[in-house]
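J.: Next comes the structure file entry20.cif, holding mmCIF, C-alpha atoms.
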data_protein
loop_
_atom_site.label_atom_id
_atom_site.label_comp_id
_atom_site.auth_asym_id
_atom_site.auth_seq_id
_atom_site.Cartn_x
_atom_site.Cartn_y
_atom_site.Cartn_z
CA MET A 1111 138.91 94.37 108.94
CA SER A 1112 138.83 90.90 110.50
CA LYS A 1113 137.88 87.93 108.34
CA SER A 1114 134.70 87.33 110.34
CA LEU A 1115 133.62 90.95 109.98
CA GLU A 1116 134.43 90.88 106.28
CA PHE A 1117 132.41 87.67 105.88
CA LEU A 1118 129.44 89.24 107.71
CA THR A 1119 129.63 92.34 105.52
CA GLU A 1120 129.71 90.23 102.35
CA ALA A 1121 126.73 88.20 103.59
CA LEU A 1122 124.72 91.36 104.25
CA ARG A 1123 125.55 92.65 100.77
CA ARG A 1124 123.54 89.77 99.32
CA LEU A 1125 120.34 91.47 100.46
CA PRO A 1126 118.55 93.48 97.75
CA GLY A 1127 119.31 97.20 97.81
CA ILE A 1128 122.26 96.83 100.19
CA GLY A 1129 125.53 98.19 98.91
CA PRO A 1130 129.01 97.84 100.43
CA LYS A 1131 128.74 100.87 102.74
CA SER A 1132 125.27 99.93 104.03
CA ALA A 1133 126.38 96.36 104.63
CA GLN A 1134 129.41 97.58 106.54
CA ARG A 1135 127.27 99.94 108.67
CA MET A 1136 124.85 97.11 109.47
CA ALA A 1137 127.68 94.77 110.44
CA PHE A 1138 129.25 97.37 112.71
CA HIS A 1139 125.89 98.23 114.27
CA LEU A 1140 125.03 94.61 115.02
CA LEU A 1141 128.40 93.90 116.60
CA GLN A 1142 128.77 97.19 118.43
CA HIS A 1143 125.23 97.96 119.60
CA ASP A 1144 123.04 94.87 119.25
CA ARG A 1145 124.84 91.60 119.74
CA ASP A 1146 121.64 90.00 121.07
CA GLY A 1147 119.85 91.08 117.89
CA ALA A 1148 122.70 89.70 115.79
CA ALA A 1149 122.46 86.35 117.57
CA MET A 1150 118.66 86.33 117.12
CA LEU A 1151 119.06 87.14 113.42
CA ALA A 1152 121.57 84.32 113.01
CA ARG A 1153 119.24 81.82 114.73
CA ALA A 1154 116.20 82.99 112.73
CA LEU A 1155 118.06 82.68 109.43
CA GLN A 1156 119.38 79.23 110.31
CA GLN A 1157 115.94 78.03 111.37
CA ALA A 1158 114.27 79.40 108.22
CA VAL A 1159 116.89 77.87 105.93
CA GLU A 1160 116.41 74.47 107.58
CA ALA A 1161 112.60 74.51 107.91
CA VAL A 1162 111.17 76.44 104.96
CA HIS A 1163 110.75 74.76 101.58
CA HIS A 1164 108.38 74.86 98.59
CA CYS A 1165 104.75 73.74 98.78
CA ALA A 1166 104.26 70.55 96.77
CA LEU A 1167 101.23 72.07 95.02
CA CYS A 1168 101.66 75.82 94.60
CA ASN A 1169 105.43 76.25 95.02
CA THR A 1170 105.18 78.98 97.70
CA PHE A 1171 107.20 78.88 100.92
CA THR A 1172 105.93 76.65 103.71
CA GLU A 1173 107.16 74.47 106.55
CA ASP A 1174 104.66 71.73 105.67
CA GLU A 1175 104.43 69.48 102.63
CA VAL A 1176 101.36 71.45 101.47
CA CYS A 1177 100.86 75.10 102.51
CA SER A 1178 97.88 76.34 104.51
CA THR A 1179 96.32 78.03 101.45
CA CYS A 1180 96.36 74.86 99.35
CA SER A 1181 94.97 72.79 102.22
CA ASP A 1182 92.16 75.30 102.97
CA SER A 1183 88.89 73.57 102.01
CA GLY A 1184 87.16 76.97 101.79
CA ARG A 1185 89.18 77.97 98.71
CA ASP A 1186 87.72 77.96 95.19
CA ILE A 1187 89.62 75.11 93.53
CA HIS A 1188 88.46 76.26 90.08
CA LEU A 1189 90.50 79.50 90.23
CA LEU A 1190 94.31 79.52 90.03
CA CYS A 1191 96.22 82.80 90.37
CA VAL A 1192 99.79 82.84 89.02
CA VAL A 1193 102.20 85.24 90.75
CA GLU A 1194 105.95 85.80 90.54
CA THR A 1195 106.86 85.67 94.24
CA PRO A 1196 105.46 84.76 97.67
CA ALA A 1197 105.46 88.52 98.41
CA ASP A 1198 103.07 89.05 95.47
CA GLN A 1199 100.85 86.26 96.80
CA LEU A 1200 100.79 87.93 100.22
CA MET A 1201 99.76 91.27 98.70
CA ILE A 1202 96.84 89.65 96.85
CA GLU A 1203 95.80 87.86 100.03
CA GLN A 1204 95.80 91.16 101.93
CA THR A 1205 93.16 92.56 99.56
CA LEU A 1206 90.70 89.94 100.91
CA THR A 1207 89.10 89.81 97.44
CA TYR A 1208 90.55 86.59 96.01
CA LYS A 1209 89.48 83.20 97.36
CA GLY A 1210 91.06 80.84 94.85
CA LEU A 1211 94.35 78.97 94.85
CA TYR A 1212 97.81 80.10 93.73
CA PHE A 1213 100.88 79.06 91.83
CA VAL A 1214 104.10 80.92 92.66
CA LEU A 1215 106.65 80.99 89.83
CA MET A 1216 109.56 82.13 92.03
CA GLY A 1217 110.66 84.43 89.24
CA ARG A 1218 109.83 85.50 85.71
CA LEU A 1219 111.13 84.83 82.23
CA SER A 1220 114.21 86.90 81.50
CA PRO A 1221 116.28 85.59 78.58
CA LEU A 1222 118.90 88.33 79.07
CA ASP A 1223 119.51 86.98 82.58
CA GLY A 1224 119.43 83.37 81.41
CA ILE A 1225 116.07 82.63 83.08
CA GLY A 1226 113.93 80.37 80.92
CA PRO A 1227 110.72 78.32 81.33
CA LYS A 1228 112.41 75.56 83.36
CA ASP A 1229 113.80 78.09 85.84
CA ILE A 1230 110.32 79.28 86.84
CA HIS A 1231 108.69 75.85 87.23
CA LEU A 1232 106.38 76.06 84.20
CA GLU A 1233 106.07 72.25 83.95
CA LYS A 1234 104.73 72.19 87.51
CA LEU A 1235 102.34 75.06 86.69
CA VAL A 1236 100.97 73.22 83.64
CA ALA A 1237 100.44 70.09 85.73
CA ARG A 1238 98.58 72.09 88.37
CA ALA A 1239 96.49 74.06 85.86
CA THR A 1240 95.48 70.98 83.87
CA ASP A 1241 94.53 68.83 86.87
CA GLY A 1242 90.88 68.74 85.77
CA GLN A 1243 89.69 71.06 88.53
CA VAL A 1244 91.05 74.45 87.47
CA GLY A 1245 88.62 76.36 85.23
CA GLU A 1246 90.36 79.74 85.05
CA VAL A 1247 93.94 80.87 85.46
CA VAL A 1248 94.44 84.48 86.56
CA LEU A 1249 97.82 85.86 85.52
CA ALA A 1250 99.02 88.32 88.16
CA THR A 1251 102.62 88.79 87.11
CA ASN A 1252 104.13 92.25 87.42
CA PHE A 1253 103.64 94.84 84.69
CA THR A 1254 107.35 94.98 83.83
CA ASN A 1255 108.65 93.88 80.42
CA GLU A 1256 109.66 90.53 81.91
CA GLY A 1257 106.35 90.12 83.74
CA GLU A 1258 104.39 90.91 80.57
CA ALA A 1259 106.48 88.45 78.54
CA THR A 1260 105.96 85.80 81.21
CA ALA A 1261 102.19 86.39 81.26
CA HIS A 1262 102.03 86.20 77.46
CA TYR A 1263 104.06 82.98 77.34
CA ILE A 1264 101.94 81.31 80.04
CA SER A 1265 98.70 82.56 78.47
CA GLU A 1266 99.52 81.08 75.07
CA MET A 1267 100.67 77.82 76.65
CA LEU A 1268 97.51 77.39 78.76
CA LYS A 1269 95.04 78.56 76.10
CA ALA A 1270 96.47 75.90 73.79
CA ARG A 1271 95.41 73.38 76.45
CA GLY A 1272 91.84 74.70 76.48
CA LEU A 1273 92.00 76.70 79.71
CA LYS A 1274 90.36 80.08 80.29
CA VAL A 1275 93.10 82.63 81.03
CA SER A 1276 92.63 86.16 82.38
CA ARG A 1277 95.09 88.91 83.26
CA LEU A 1278 95.11 91.17 86.29
CA ALA A 1279 93.63 94.53 85.25
CA ARG A 1280 95.66 97.71 85.02
CA GLY A 1281 94.68 101.30 85.32
CA VAL A 1282 94.55 104.46 87.36
CA PRO A 1283 95.34 103.82 91.04
CA VAL A 1284 92.63 104.27 93.64
CA GLY A 1285 92.74 107.85 94.85
CA GLY A 1286 94.91 108.85 91.88
CA GLU A 1287 94.36 112.10 90.01
CA LEU A 1288 94.69 111.88 86.24
CA GLU A 1289 96.87 114.97 86.16
CA TYR A 1290 99.59 113.09 88.06
CA VAL A 1291 99.26 109.67 86.43
CA ASP A 1292 101.71 108.76 83.65
CA ALA A 1293 100.40 108.62 80.07
CA GLY A 1294 101.10 104.90 79.69
CA THR A 1295 98.91 104.04 82.68
CA ILE A 1296 96.08 106.25 81.43
CA ALA A 1297 96.35 104.71 77.94
CA ARG A 1298 96.16 101.20 79.40
CA ALA A 1299 93.20 102.18 81.59
CA MET A 1300 91.41 103.57 78.52
CA LEU A 1301 92.03 100.38 76.54
CA ASP A 1302 90.94 98.16 79.45
CA ARG A 1303 87.84 100.21 80.31
CA ARG A 1304 84.62 98.39 81.21
CA THR A 1305 80.95 99.26 81.07
CA THR A 1306 79.20 100.43 84.23
#
Please express what this file holds, its structure, as structure tokens.

T.:
Amino acid sequence: MSKSLEFLTEALRRLPGIGPKSAQRMAFHLLQHDRDGAAMLARALQQAVEAVHHCALCNTFTEDEVCSTCSDSGRDIHLLCVVETPADQLMIEQTLTYKGLYFVLMGRLSPLDGIGPKDIHLEKLVARATDGQVGEVVLATNFTNEGEATAHYISEMLKARGLKVSRLARGVPVGGELEYVDAGTIARAMLDRRTT
């Protein structure tokens, strides 16, 4: 294989879920069947790398100093939702149920992987949460072991500073049948039940 093709294959392997064979197939496809698409992909990646950076307030991706969500005057400045990634933020936005502001960690605590509090911008989160405007912090990290540990760490840290902290609820999925839901999810839903 040529050095350029090998370099392209290695670059494609950096994508999540892409192994050596898939990367090789993609490289061959782009060069054999879609050179225009390959050129467009190269331009789009270059443009994104040069233009996209972190929002000065919430740490999400933006091309401006402050993202459109943080600069939206219609947002509830007293609510701050903490998520792991911009993709998580997007999913919450798509529900059309949350009208507060965000802070994007860009990761989660994972001591086994060497990811500590400084690696997920916790100093910046504390500064944002204790700005005198935020009244409640909603922790919307994932329900993985790392996400739970991250939520617990942040919760303890912010409660010690007098902030109200809540956690995204868990339970049976909408449209789910109990027979097909795992026991852990049902147990959590039972513990987190609410009155009607």

J.: Considering all atoms listed in the file, can you say which of A:Val1192, A:Ala1137, A:Leu1219, A:Val1214 comes closest to Glu1246 of chain A?

T.: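 Nearest to Glu1246 of chain A: A:Val1192.
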
J.: Which of these residues is nearest to Gly1245 of chain A, using only C-alpha atoms: A:Leu1190, A:Met1111, A:Leu1122, A:Ala1297?

T.: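 Nearest to Gly1245 of chain A: A:Leu1190.
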
J.: Could you tell me how far atom CA of Asp1241 of chain A lies from atom CA of Val1176 of chain A, in Å and to one decimal?

T.: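 Distance between the two atoms: 16.3 Å.
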
J.: In the coordinates of the file, take the point (123.2, 91.6, 113.2) and a cut-off of 6 Å; then, counting only C-alpha atoms, name each qualifying protein, DNA or RNA residue as a count of residues only.

T.: 3

J.: Mind giving me the straight-line distance from atom CA of Thr1295 of chain A to atom CA of Thr1251 of chain A in Å, one decimal?

T.: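 We find that atom CA of Thr1295 of chain A and atom CA of Thr1251 of chain A lie 16.3 Å from each other.
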
J.: Write out as JSON, numbers by chain which residues come within 12 Å of Gln1243 of chain A when counting all atoms listed in the file, dropping same-chain ones fewer than 2 positions away.

T.: {"A": [1186, 1187, 1188, 1189, 1190, 1210, 1211, 1237, 1238, 1239, 1240, 1241, 1245, 1246, 1247, 1273]}

J.: Separation of atom CA of Leu1235 of chain A and atom CA of Phe1213 of chain A, in Å?

T.: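 That distance, rounded to one decimal, is 6.7 Å.
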
J.: For the structure provided, state which residues fall under the PyMOL selection byres ((chain A and resi 1121) around 12), and present them as a list in words.

T.: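 Given this file, the PyMOL selection byres ((chain A and resi 1121) around 12) evaluates to Ser1114, Leu1115, Glu1116, Phe1117, Leu1118, Thr1119, Glu1120, Leu1122, Arg1123, Arg1124, Leu1125, Pro1126, Ile1128, Gly1129, Pro1130, Ser1132, Ala1133, Gln1134, Met1136, Ala1137, Ala1152 and Leu1155 of chain A.
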
J.: Do a neighbour search on Val1275 of chain A at 8 Å with all atoms listed in the file, toss out local chain neighbours closer than 5 positions, and write the hits as a list of chain:residue names.

T.: A:Glu1246, A:Val1247, A:Val1248, A:Leu1249, A:Ser1265, A:Leu1268, A:Lys1269

J.: Those same residues, written as an mmCIF file, keeping the file's coordinate frame with C-alpha atoms?

T.:
data_model
loop_
_atom_site.group_PDB
_atom_site.id
_atom_site.type_symbol
_atom_site.label_atom_id
_atom_site.label_comp_id
_atom_site.auth_asym_id
_atom_site.auth_seq_id
_atom_site.Cartn_x
_atom_site.Cartn_y
_atom_site.Cartn_z
ATOM 1 C CA GLU A 1246 90.360 79.740 85.050
ATOM 2 C CA VAL A 1247 93.940 80.870 85.460
ATOM 3 C CA VAL A 1248 94.440 84.480 86.560
ATOM 4 C CA LEU A 1249 97.820 85.860 85.520
ATOM 5 C CA SER A 1265 98.700 82.560 78.470
ATOM 6 C CA LEU A 1268 97.510 77.390 78.760
ATOM 7 C CA LYS A 1269 95.040 78.560 76.100
#

J.: Apply the PyMOL selection byres ((chain A and resi 1196-1199) around 10) to the displayed file and report the matching residues as number ranges by chain.

T.: A: 1169-1171, 1191-1195, 1200-1204, 1211-1217, 1250-1252

J.: Counting all atoms listed in the file, which of A:Pro1227, A:Gly1286, A:Ser1276, A:Gly1294 gets nearest to Tyr1263 of chain A?

T.: A:Pro1227

J.: Draw an axis-aligned box over all listed atoms of segment 1135-1151 of chain A, pad each side with 8 Å, and write its centre and edge lengths in Å, one decimal, as AutoDock Vina command-line options.

T.:
--center_x 124.0 --center_y 93.1 --center_z 114.9 --size_x 26.6 --size_y 29.6 --size_z 28.4

J.: Point out the residue among A:Arg1218, A:His1139, A:His1231, A:Arg1304 with the least atom-to-atom distance to His1164 of chain A, counting all atoms listed in the file.

T.: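 Once distances to His1164 of chain A are computed over all atoms listed in the file, the minimum belongs to A:His1231.
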
J.: Measuring atom to atom with all atoms listed in the file, identify which of A:Arg1303, A:Arg1277, A:His1163, A:Arg1298 is nearest to Thr1260 of chain A.

T.: A:Arg1277
